[in-house]
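Enquirer: Just upload.txt, nothing more (compact mmCIF, C-alpha atoms and all ligand atoms):
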```
# COMPACT_ATOMS: atom_id res chain seq x y z
CA MET A 1 128.62 -2.37 83.70
CA GLY A 2 125.80 -1.69 86.12
CA GLN A 3 126.35 -1.28 89.78
CA SER A 4 124.65 -3.02 92.66
CA LYS A 5 124.55 -1.66 96.13
CA VAL A 6 124.67 -4.18 98.92
CA ASP A 7 123.86 -3.37 102.48
CA ILE A 8 125.31 -5.92 104.79
CA GLY A 9 124.11 -6.26 108.32
CA ARG A 10 125.74 -8.41 110.92
CA GLY A 11 123.53 -10.67 112.96
CA GLU A 12 124.12 -12.98 115.82
CA LYS A 13 123.28 -16.19 114.06
CA GLY A 14 121.59 -16.80 110.76
CA GLY A 15 119.05 -19.40 111.54
CA GLU A 16 115.66 -19.40 113.14
CA GLY A 17 115.40 -18.50 116.74
CA ALA A 18 118.51 -16.39 116.63
CA TRP A 19 117.10 -12.96 117.21
CA GLY A 20 116.26 -11.60 120.56
CA VAL A 21 117.11 -14.77 122.39
CA GLU A 22 120.22 -15.85 124.20
CA ARG A 23 121.71 -12.46 123.67
CA ALA A 24 123.14 -12.29 127.16
CA GLU A 25 125.40 -15.22 126.48
CA GLU A 26 126.55 -14.23 123.04
CA GLU A 27 127.88 -10.71 122.99
CA GLU A 28 128.96 -10.73 119.40
CA GLU A 29 129.90 -7.61 117.57
CA GLU A 30 127.19 -6.37 115.20
CA ALA A 31 127.32 -4.27 112.07
CA PHE A 32 125.26 -3.28 109.07
CA VAL A 33 127.27 -2.56 105.97
CA CYS A 34 126.44 -1.04 102.63
CA VAL A 35 128.27 -2.44 99.63
CA ARG A 36 128.35 -1.52 95.99
CA GLY A 37 129.76 -3.66 93.25
CA ARG A 38 129.28 -5.14 89.84
CA GLU A 39 126.58 -7.69 89.41
CA SER A 40 129.07 -10.13 87.95
CA ASP A 41 130.95 -9.97 91.23
CA TRP A 42 127.91 -10.95 93.16
CA ASP A 43 127.95 -14.68 92.56
CA ASN A 44 131.67 -14.97 93.27
CA THR A 45 131.43 -12.77 96.30
CA LEU A 46 128.61 -14.50 98.05
CA PRO A 47 128.72 -18.20 97.31
CA THR A 48 126.98 -18.62 100.64
CA SER A 49 123.99 -16.58 99.61
CA SER A 50 121.74 -19.15 101.23
CA SER A 51 123.29 -18.16 104.55
CA VAL A 52 122.77 -14.41 104.18
CA ASP A 53 119.46 -12.74 104.88
CA PHE A 54 118.19 -10.67 101.97
CA TRP A 55 116.38 -7.53 103.02
CA SER A 56 115.98 -5.90 99.64
CA PRO A 57 115.36 -7.54 97.27
CA GLU A 58 114.07 -10.55 99.14
CA SER A 59 116.25 -13.23 97.59
CA ALA A 60 119.46 -13.70 95.63
CA GLU A 61 117.54 -14.60 92.47
CA LEU A 62 116.03 -11.13 92.41
CA VAL A 63 119.41 -9.38 92.39
CA ASN A 64 119.89 -7.53 89.14
CA ILE A 65 122.14 -4.86 87.72
CA ASP A 66 121.38 -1.30 88.75
CA ILE A 67 119.40 -2.11 91.83
CA ASP A 68 120.22 -1.56 95.46
CA VAL A 69 120.71 -4.69 97.50
CA ASP A 70 120.50 -4.85 101.28
CA ILE A 71 121.51 -7.99 103.12
CA ARG A 72 122.22 -9.05 106.66
CA VAL A 73 125.13 -11.39 107.16
CA PRO A 74 125.26 -13.67 110.18
CA ALA A 75 128.31 -12.88 112.31
CA MET A 76 129.94 -16.20 111.56
CA TYR A 77 130.13 -15.35 107.86
CA LEU A 78 130.97 -11.69 108.23
CA ASP A 79 134.76 -11.83 108.08
CA MET A 80 134.59 -14.03 105.04
CA VAL A 81 132.12 -11.72 103.34
CA TYR A 82 134.17 -8.63 104.20
CA THR A 83 137.29 -10.22 102.81
CA THR A 84 135.68 -11.33 99.59
CA LEU A 85 133.96 -7.98 99.11
CA GLN A 86 137.27 -6.22 99.50
CA GLN A 87 139.02 -8.61 97.15
CA SER A 88 136.36 -8.16 94.51
CA ASP A 89 136.50 -4.38 94.96
CA MET A 90 132.89 -3.80 95.98
CA GLU A 91 132.23 -0.53 97.75
CA HIS A 92 130.60 -0.97 101.11
CA GLU A 93 129.45 1.16 103.97
CA VAL A 94 128.37 0.32 107.50
CA LEU A 95 124.77 1.37 107.98
CA ILE A 96 124.01 0.01 111.44
CA GLU A 97 127.02 -0.49 113.69
CA ASP A 98 125.19 -2.61 116.19
CA LEU A 99 122.25 -4.39 114.65
CA GLN A 100 121.51 -6.51 117.69
CA SER A 101 121.03 -3.49 119.89
CA ALA A 102 118.73 -1.97 117.26
CA VAL A 103 116.71 -5.19 117.45
CA ASP A 104 116.80 -5.21 121.24
CA GLY A 105 115.72 -1.58 121.36
CA GLN A 106 112.45 -2.45 119.64
CA MET A 107 111.76 -5.52 121.73
CA ASP A 108 109.43 -5.34 124.64
CA ASN A 109 112.02 -6.03 127.33
CA LYS A 110 110.07 -4.53 130.19
CA PRO A 111 109.26 -6.86 133.08
CA SER A 112 105.58 -6.01 132.95
CA PRO A 113 103.85 -6.16 129.56
CA ARG A 114 103.78 -2.86 127.74
CA ALA A 115 100.33 -1.45 126.97
CA HIS A 116 99.07 -0.94 123.43
CA SER A 117 100.32 2.25 121.83
CA TYR A 118 99.88 3.69 118.33
CA THR A 119 103.44 4.97 118.39
CA LYS A 120 105.01 1.67 119.43
CA TYR A 121 105.42 -1.68 117.74
CA ASN A 122 102.80 -3.74 119.53
CA ASN A 123 103.08 -7.48 119.97
CA TRP A 124 100.26 -9.79 118.91
CA ASP A 125 98.75 -10.07 122.39
CA ASN A 126 98.40 -6.31 122.58
CA ILE A 127 97.02 -6.09 119.06
CA GLN A 128 94.52 -8.82 119.81
CA SER A 129 93.17 -7.06 122.87
CA TRP A 130 93.21 -3.78 120.95
CA ILE A 131 91.04 -5.43 118.26
CA ALA A 132 88.59 -6.58 120.92
CA SER A 133 88.34 -3.24 122.68
CA ILE A 134 88.26 -0.92 119.68
CA SER A 135 85.57 -2.95 117.94
CA SER A 136 83.33 -3.03 120.99
CA SER A 137 83.60 0.64 121.87
CA ASN A 138 82.46 2.16 118.57
CA SER A 139 79.63 -0.08 117.49
CA ASN A 140 78.02 2.43 115.12
CA LEU A 141 81.17 2.64 112.99
CA ILE A 142 83.03 -0.61 113.47
CA SER A 143 82.39 -4.31 113.66
CA LYS A 144 84.60 -7.37 113.50
CA GLN A 145 84.49 -10.77 111.94
CA VAL A 146 86.83 -13.73 112.10
CA ILE A 147 87.69 -14.95 108.60
CA GLY A 148 89.49 -18.09 109.76
CA ASN A 149 92.43 -19.17 111.86
CA THR A 150 96.14 -19.13 111.14
CA TYR A 151 98.25 -22.27 110.85
CA GLU A 152 98.99 -22.09 114.57
CA GLY A 153 95.34 -21.42 115.38
CA ARG A 154 95.23 -17.67 115.93
CA PRO A 155 92.01 -15.92 114.82
CA MET A 156 92.30 -13.68 111.76
CA THR A 157 89.96 -10.80 112.48
CA VAL A 158 88.81 -8.31 109.88
CA LEU A 159 87.58 -4.95 111.15
CA LYS A 160 84.80 -3.39 109.13
CA LEU A 161 84.76 0.40 109.27
CA GLY A 162 81.81 2.34 107.96
CA LYS A 163 78.55 3.89 108.94
CA THR A 164 76.00 1.15 109.48
CA SER A 165 73.60 0.92 106.57
CA SER A 166 70.66 -1.24 105.66
CA SER A 167 71.88 -1.68 102.09
CA THR A 168 75.21 -3.27 101.13
CA LYS A 169 77.88 -0.66 100.54
CA PRO A 170 80.79 -0.74 98.13
CA ALA A 171 84.00 -1.49 100.00
CA ILE A 172 87.78 -1.29 100.18
CA PHE A 173 89.90 -4.12 101.59
CA MET A 174 93.24 -3.33 103.23
CA ASP A 175 95.71 -5.69 104.87
CA CYS A 176 98.91 -5.20 106.82
CA GLY A 177 101.61 -7.56 107.94
CA ILE A 178 101.69 -10.08 105.09
CA HIS A 179 105.41 -10.23 105.85
CA ALA A 180 106.21 -10.76 109.50
CA ARG A 181 109.25 -8.51 109.91
CA GLU A 182 107.67 -5.44 108.28
CA TRP A 183 106.51 -3.99 111.56
CA ILE A 184 105.71 -0.50 110.29
CA SER A 185 103.06 -2.09 108.08
CA THR A 186 101.19 -3.54 111.04
CA ALA A 187 101.49 -0.24 112.86
CA PHE A 188 99.84 1.51 109.92
CA CYS A 189 96.65 -0.58 109.97
CA GLN A 190 96.16 0.23 113.65
CA TRP A 191 96.79 3.89 112.93
CA PHE A 192 94.30 3.85 110.07
CA VAL A 193 91.55 2.39 112.24
CA LYS A 194 92.20 4.94 114.99
CA GLU A 195 92.20 7.83 112.50
CA ALA A 196 89.04 6.62 110.78
CA LEU A 197 87.16 6.46 114.07
CA SER A 198 88.53 9.69 115.51
CA THR A 199 88.13 11.84 112.39
CA TYR A 200 84.71 10.58 111.30
CA GLY A 201 82.37 13.52 111.75
CA SER A 202 85.12 16.15 111.71
CA ASP A 203 87.17 15.32 108.61
CA SER A 204 84.86 15.73 105.64
CA GLN A 205 86.63 13.22 103.44
CA MET A 206 86.72 10.50 106.09
CA THR A 207 83.08 11.16 106.91
CA SER A 208 81.96 10.88 103.33
CA LEU A 209 84.14 7.80 102.78
CA LEU A 210 82.67 5.93 105.73
CA ASP A 211 79.17 7.12 104.88
CA GLN A 212 79.36 5.81 101.35
CA MET A 213 81.72 2.87 101.68
CA ASP A 214 82.98 0.25 104.11
CA VAL A 215 86.67 -0.27 104.69
CA PHE A 216 87.69 -3.80 105.70
CA VAL A 217 90.98 -3.81 107.58
CA LEU A 218 93.00 -6.93 108.37
CA PRO A 219 95.51 -5.57 110.90
CA VAL A 220 97.86 -8.55 110.83
CA PHE A 221 97.72 -11.00 107.92
CA ASN A 222 100.60 -13.26 108.95
CA ILE A 223 99.98 -13.43 112.69
CA ASP A 224 102.07 -16.55 113.36
CA GLY A 225 105.05 -15.00 111.63
CA TYR A 226 104.51 -11.68 113.40
CA ASP A 227 104.40 -13.38 116.79
CA PHE A 228 107.58 -15.26 115.85
CA THR A 229 109.38 -11.99 115.09
CA HIS A 230 108.59 -10.84 118.62
CA LYS A 231 109.54 -14.05 120.36
CA SER A 232 112.30 -15.74 118.38
CA ASN A 233 113.56 -14.27 115.13
CA ARG A 234 113.08 -10.56 114.40
CA MET A 235 113.94 -11.09 110.73
CA TRP A 236 111.35 -13.78 109.98
CA ARG A 237 109.31 -13.07 106.83
CA LYS A 238 107.17 -16.10 105.96
CA THR A 239 104.28 -17.98 107.52
CA ARG A 240 105.04 -20.71 110.08
CA SER A 241 103.50 -23.74 108.40
CA LYS A 242 105.32 -27.05 108.46
CA ARG A 243 105.17 -30.01 106.13
CA SER A 244 106.92 -33.31 106.22
CA GLY A 245 109.62 -33.59 103.63
CA SER A 246 111.39 -30.41 104.60
CA SER A 247 112.86 -29.22 107.85
CA CYS A 248 112.17 -25.59 106.89
CA TYR A 249 109.15 -23.62 108.00
CA GLY A 250 106.70 -21.42 106.14
CA ALA A 251 106.03 -20.03 102.71
CA ASP A 252 106.05 -16.46 101.46
CA PRO A 253 102.37 -15.42 101.60
CA ASN A 254 103.00 -12.87 98.88
CA ARG A 255 104.19 -15.61 96.53
CA ASN A 256 101.35 -17.97 97.43
CA PHE A 257 98.41 -16.29 95.67
CA ASN A 258 97.12 -17.78 92.44
CA ALA A 259 98.54 -15.22 90.03
CA GLY A 260 101.19 -16.65 87.72
CA TRP A 261 102.02 -18.76 90.74
CA CYS A 262 105.70 -19.61 91.16
CA THR A 263 106.62 -18.70 87.59
CA VAL A 264 108.99 -15.85 88.35
CA GLY A 265 110.66 -14.13 91.31
CA ALA A 266 109.71 -16.94 93.66
CA SER A 267 111.41 -20.09 94.84
CA SER A 268 110.23 -23.68 94.97
CA ASN A 269 112.75 -24.37 97.73
CA PRO A 270 110.90 -24.59 101.07
CA CYS A 271 113.94 -23.10 102.80
CA SER A 272 113.94 -19.94 100.69
CA ASP A 273 112.49 -16.71 102.04
CA THR A 274 110.49 -16.41 98.81
CA PHE A 275 109.17 -19.99 98.82
CA CYS A 276 105.92 -20.00 96.84
CA GLY A 277 104.39 -22.86 98.85
CA HIS A 278 103.38 -26.29 97.68
CA GLN A 279 100.46 -25.01 95.66
CA PRO A 280 98.54 -21.73 95.31
CA GLU A 281 96.78 -20.90 98.60
CA SER A 282 98.59 -23.71 100.40
CA GLU A 283 99.02 -21.25 103.26
CA ILE A 284 95.82 -21.13 105.29
CA GLU A 285 96.21 -17.39 105.89
CA VAL A 286 96.28 -16.81 102.12
CA LYS A 287 93.29 -19.07 101.59
CA ASN A 288 91.31 -17.29 104.33
CA VAL A 289 91.95 -13.87 102.79
CA ALA A 290 91.36 -15.11 99.23
CA ASP A 291 88.07 -16.72 100.31
CA PHE A 292 86.98 -13.50 102.00
CA ILE A 293 87.82 -11.42 98.94
CA ARG A 294 86.08 -13.90 96.61
CA ARG A 295 82.98 -13.84 98.82
CA ASN A 296 82.92 -10.04 98.72
CA LYS A 297 84.07 -9.69 95.16
CA SER A 298 80.95 -7.88 93.96
CA ILE A 299 81.30 -5.05 96.47
CA LEU A 300 85.11 -4.72 96.60
CA LYS A 301 86.33 -1.74 94.61
CA ALA A 302 89.89 -1.50 95.91
CA TYR A 303 92.54 -3.74 97.43
CA ILE A 304 95.37 -2.11 99.37
CA THR A 305 98.23 -4.08 100.89
CA ILE A 306 100.87 -2.54 103.11
CA HIS A 307 104.50 -3.67 103.15
CA SER A 308 107.87 -2.14 103.93
CA TYR A 309 110.43 -0.95 103.00
CA SER A 310 111.55 1.02 99.88
CA GLN A 311 109.01 3.87 99.57
CA LEU A 312 107.12 2.54 96.59
CA LEU A 313 103.54 2.56 95.43
CA LEU A 314 103.13 -0.44 93.17
CA PHE A 315 100.26 -1.78 91.12
CA PRO A 316 99.81 -4.74 88.71
CA TYR A 317 101.47 -6.48 87.18
CA SER A 318 104.34 -8.10 88.99
CA TYR A 319 104.00 -11.56 87.50
CA SER A 320 104.41 -10.15 84.02
CA PHE A 321 105.77 -7.09 82.26
CA SER A 322 102.52 -6.62 80.38
CA LEU A 323 100.62 -3.50 81.30
CA ALA A 324 97.37 -3.82 83.18
CA ALA A 325 94.24 -2.93 81.22
CA ASP A 326 93.78 0.01 83.60
CA HIS A 327 97.45 0.96 83.57
CA SER A 328 97.14 4.66 82.86
CA GLU A 329 94.45 5.24 85.45
CA LEU A 330 96.30 3.17 88.07
CA LEU A 331 99.46 5.16 87.36
CA LYS A 332 97.70 8.50 87.52
CA VAL A 333 96.14 7.65 90.87
CA ALA A 334 99.45 6.29 92.20
CA ASP A 335 101.26 9.46 91.19
CA GLY A 336 98.58 11.58 92.83
CA ALA A 337 98.76 9.50 96.00
CA SER A 338 102.56 9.76 96.07
CA ALA A 339 102.34 13.53 95.67
CA ALA A 340 99.83 13.75 98.51
CA LEU A 341 102.13 11.64 100.68
CA ARG A 342 105.12 13.81 99.86
CA SER A 343 103.29 17.03 100.67
CA LEU A 344 103.51 16.38 104.41
CA TYR A 345 107.21 15.73 105.10
CA GLY A 346 108.76 15.55 101.64
CA THR A 347 109.05 11.75 101.64
CA ARG A 348 109.61 10.61 98.08
CA TYR A 349 107.85 7.56 96.67
CA THR A 350 108.29 5.91 93.31
CA SER A 351 105.17 4.56 91.66
CA GLY A 352 104.68 2.07 88.87
CA PRO A 353 103.81 -1.49 87.97
CA GLY A 354 105.63 -4.00 90.17
CA ALA A 355 107.58 -5.95 87.55
CA ALA A 356 109.08 -2.90 85.90
CA THR A 357 109.49 -0.82 89.05
CA ILE A 358 111.26 -3.37 91.26
CA TYR A 359 111.36 -6.89 89.88
CA PRO A 360 109.03 -9.51 88.44
CA ALA A 361 107.60 -11.66 91.24
CA ALA A 362 104.55 -13.86 90.84
CA GLY A 363 101.98 -15.02 93.36
CA GLY A 364 101.33 -11.63 94.91
CA SER A 365 98.03 -10.57 96.44
CA ASP A 366 97.86 -7.37 94.37
CA ASP A 367 97.99 -9.15 91.00
CA TRP A 368 95.57 -11.81 92.19
CA ALA A 369 93.01 -9.28 93.44
CA TYR A 370 93.31 -7.28 90.23
CA ASP A 371 92.77 -10.30 88.00
CA LEU A 372 89.77 -11.24 90.12
CA GLY A 373 88.26 -7.88 89.19
CA VAL A 374 89.28 -5.53 91.99
CA LYS A 375 90.45 -2.70 89.81
CA TYR A 376 92.23 -0.40 92.25
CA SER A 377 94.87 -2.77 93.54
CA TYR A 378 97.89 -1.22 95.22
CA THR A 379 100.93 -2.36 97.18
CA PHE A 380 102.60 0.18 99.45
CA GLU A 381 106.21 -0.23 100.49
CA LEU A 382 106.49 2.20 103.39
CA ARG A 383 109.61 3.92 104.83
CA ASP A 384 112.53 3.89 104.63
CA THR A 385 114.89 3.32 101.70
CA GLY A 386 117.38 1.20 103.60
CA ARG A 387 118.90 3.30 106.37
CA TYR A 388 117.09 1.23 109.00
CA GLY A 389 115.09 -1.05 106.73
CA PHE A 390 112.84 -3.33 108.74
CA LEU A 391 114.20 -1.80 111.94
CA LEU A 392 112.56 1.56 111.32
CA PRO A 393 112.72 3.38 114.69
CA GLU A 394 109.51 3.82 116.63
CA SER A 395 109.99 7.59 116.43
CA GLN A 396 109.11 7.30 112.72
CA ILE A 397 105.82 5.46 113.25
CA GLU A 398 103.77 8.63 113.62
CA PRO A 399 105.18 10.59 110.64
CA THR A 400 105.13 7.49 108.45
CA CYS A 401 101.51 6.74 109.31
CA GLU A 402 100.43 10.38 108.93
CA GLU A 403 101.90 10.70 105.44
CA THR A 404 100.61 7.28 104.39
CA MET A 405 97.09 8.28 105.50
CA LEU A 406 97.18 11.02 102.86
CA ALA A 407 98.06 8.55 100.12
CA VAL A 408 95.45 6.00 101.18
CA LYS A 409 92.81 8.69 101.45
CA TYR A 410 93.77 9.98 98.00
CA ILE A 411 93.21 6.53 96.53
CA ALA A 412 89.96 6.13 98.45
CA ALA A 413 88.70 9.50 97.19
CA HIS A 414 89.36 8.44 93.61
CA VAL A 415 87.60 5.12 94.17
CA GLN A 416 84.62 6.94 95.66
CA LYS A 417 84.43 9.34 92.73
CA ASN A 418 84.32 6.40 90.35
CA LEU A 419 81.75 4.22 92.09
N1 LIG B 1 108.33 -6.43 98.20
C1 LIG B 1 107.08 -7.02 97.83
C2 LIG B 1 107.26 -8.51 97.66
O1 LIG B 1 108.24 -8.91 97.12
C3 LIG B 1 106.57 -6.39 96.58
C4 LIG B 1 105.26 -6.92 96.14
C5 LIG B 1 104.89 -6.39 94.80
N2 LIG B 1 103.84 -7.20 94.24
C6 LIG B 1 104.03 -8.44 93.76
N3 LIG B 1 102.98 -9.08 93.32
N4 LIG B 1 105.23 -8.97 93.68
O2 LIG B 1 106.45 -9.28 98.08
ZN ZN B 2 106.60 -7.35 102.28
```
Kindly return the structure encoded in the file as structure tokens.
Expert:
Amino acid sequence: MGQSKVDIGRGEKGGEGAWGVERAEEEEEEAFVCVRGRESDWDNTLPTSSSVDFWSPESAELVNIDIDVDIRVPAMYLDMVYTTLQQSDMEHEVLIEDLQSAVDGQMDNKPSPRAHSYTKYNNWDNIQSWIASISSSNSNLISKQVIGNTYEGRPMTVLKLGKTSSSTKPAIFMDCGIHAREWISTAFCQWFVKEALSTYGSDSQMTSLLDQMDVFVLPVFNIDGYDFTHKSNRMWRKTRSKRSGSSCYGADPNRNFNAGWCTVGASSNPCSDTFCGHQPESEIEVKNVADFIRRNKSILKAYITIHSYSQLLLFPYSYSFSLAADHSELLKVADGASAALRSLYGTRYTSGPGAATIYPAAGGSDDWAYDLGVKYSYTFELRDTGRYGFLLPESQIEPTCEETMLAVKYIAAHVQKNL
């Protein structure tokens, strides 16, 4: 019988608006526990799986034998979950003793707003002013364009990096922050832009990349969700759209693309964290990005999307177990990129097609971009493997971004060679 590992974290309350608010009044004990048990125990153990927050995988339906499972349990369910885990003999281990203080430690609690920093988790206001200032101060290498607004009306701005040219250049598209709580992802896009601008002219690979190609960077895909993780619920994942007929908010943007939409690894329940939406591209953020990629289809050679956590480099397909037409090349490049990443600090990544490497899950941006014709389509799952999960400490932003740069540049170099 296979084993599942379950990491259980203790939160203040399960629902929306629970994180980072009202914490002065409710000084509840917090914990993050790691549990291991048989898959068959799972259903009996957690009948309330709708009330626990799945960190990895992202929903109960994706739990399988022989995979690690990390969940956060709201404090009100914790005693019950502990008891049932013990009764069903599942091994468990506390990973974060005080989850709320880990959350608080990453919140901007200062009285005066904190300035933008590449080694901090910046809120949307700081990222927005960073976008404005960085794009106006380096006009020979960077420009910006708004590709549409989010559900709540925030502008989605794509930064175009590359030496200005009179002819249209082949390009790479990269997005960060599809999922709101994956803060290290958003930090990476900012890091990438900074590195591109500061190493152009000195780093030969970056110089040749930006001479030959353009790199479109969308620093925050799911801005409404990201803002919500800073203001109300640190563990929010989805968009923030609202439709009559359900009291629940948002859909999973990475289940909302038109690629085997909602056939597997996604939920049609609007309250689920992996809700696929009411139809493909029902989420305006997804539609804006899909429209942009369709418009630029002829020049786009690579699509890179940054998530966290698990230390994976995935490529199509996730909606099916069939191998992509370019499977062996995609795998070879992924392995090379993982090796480059590891060379810096020894961080180990696993690479492979999504369905076989983690779980089948349809509606993802990577599969959609690939089927549209963007051959080099990759999903990164950055650090870590579950020790801190989404609450990766700020001290790891720099090393994580530095090692990820090597992998992204490895992929870009391969793309460039094969133009
Ligand atoms: N953790 C990511 C997610 O579930 C993995 C995405 C892999 N690609 C995919 N099309 N499912 O969204
Ligand atoms: Zn994600």
Enquirer: Under the rule that all atoms listed in the file are counted, which of A:Leu99, A:Ala369, A:Leu300, A:Cys401 is the nearest residue to ligand LIG 1 (chain B)?
Expert: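 Closest candidate: A:Ala369.
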Enquirer: Find the residue from A:Gln396, A:Gln190, A:Ser246, A:Ser59 that sits nearest to ligand LIG 1 (chain B); use only C-alpha atoms and all ligand atoms when measuring.
Expert: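 Among A:Gln396, A:Gln190, A:Ser246, A:Ser59, it is A:Ser59 that comes nearest to ligand LIG 1 (chain B).
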Enquirer: May I ask you to write as a ChimeraX atom specification all residues lying at most 9 Å from ligand LIG 1 (chain B), with all atoms listed in the file counted?
Expert: /A:56-58,178-179,252-255,257,259,265-266,274,305,307-310,312,314-319,353-355,358-368,378-381
Enquirer: Report, as lines of an AutoDock Vina configuration file, the centre and edge lengths in Å (one decimal) of the axis-aligned box enclosing every listed atom of range 326-341 of chain A, padded by 8 Å on each side.
Expert:
```
center_x = 98.2
center_y = 6.9
center_z = 91.8
size_x = 24.8
size_y = 29.7
size_z = 33.8
```
Enquirer: Quick one, how far is CA of Ala196 in chain A from CA of Ile127 in chain A?
Expert: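 For CA of Ala196 in chain A relative to CA of Ile127 in chain A, the distance reads 17.1 Å.
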Enquirer: Mind giving me the straight-line distance from CA of Gln100 in chain A to CA of Leu85 in chain A in Å, one decimal?
Expert: 22.4 Å
Enquirer: CA of Lys238 in chain A and CA of Gly250 in chain A, how far apart in Å?
Expert: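 Value for the CA of Gly250 in chain A-CA of Lys238 in chain A distance: 5.3 Å.
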Enquirer: Find, counting all atoms listed in the file, the residue in A:Thr186, A:Ser343, A:Thr84, A:Ser166 that gets nearest to Thr119 in chain A.
Expert: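 Closest to Thr119 in chain A, using all atoms listed in the file: A:Thr186.
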Enquirer: Find, counting only C-alpha atoms and all ligand atoms, the residue in A:Gly153, A:Gly352, A:Gly386, A:Gly177 that gets nearest to ligand ZN 2 (chain B).
Expert: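 Distance minimum relative to ligand ZN 2 (chain B) lands on A:Gly177.
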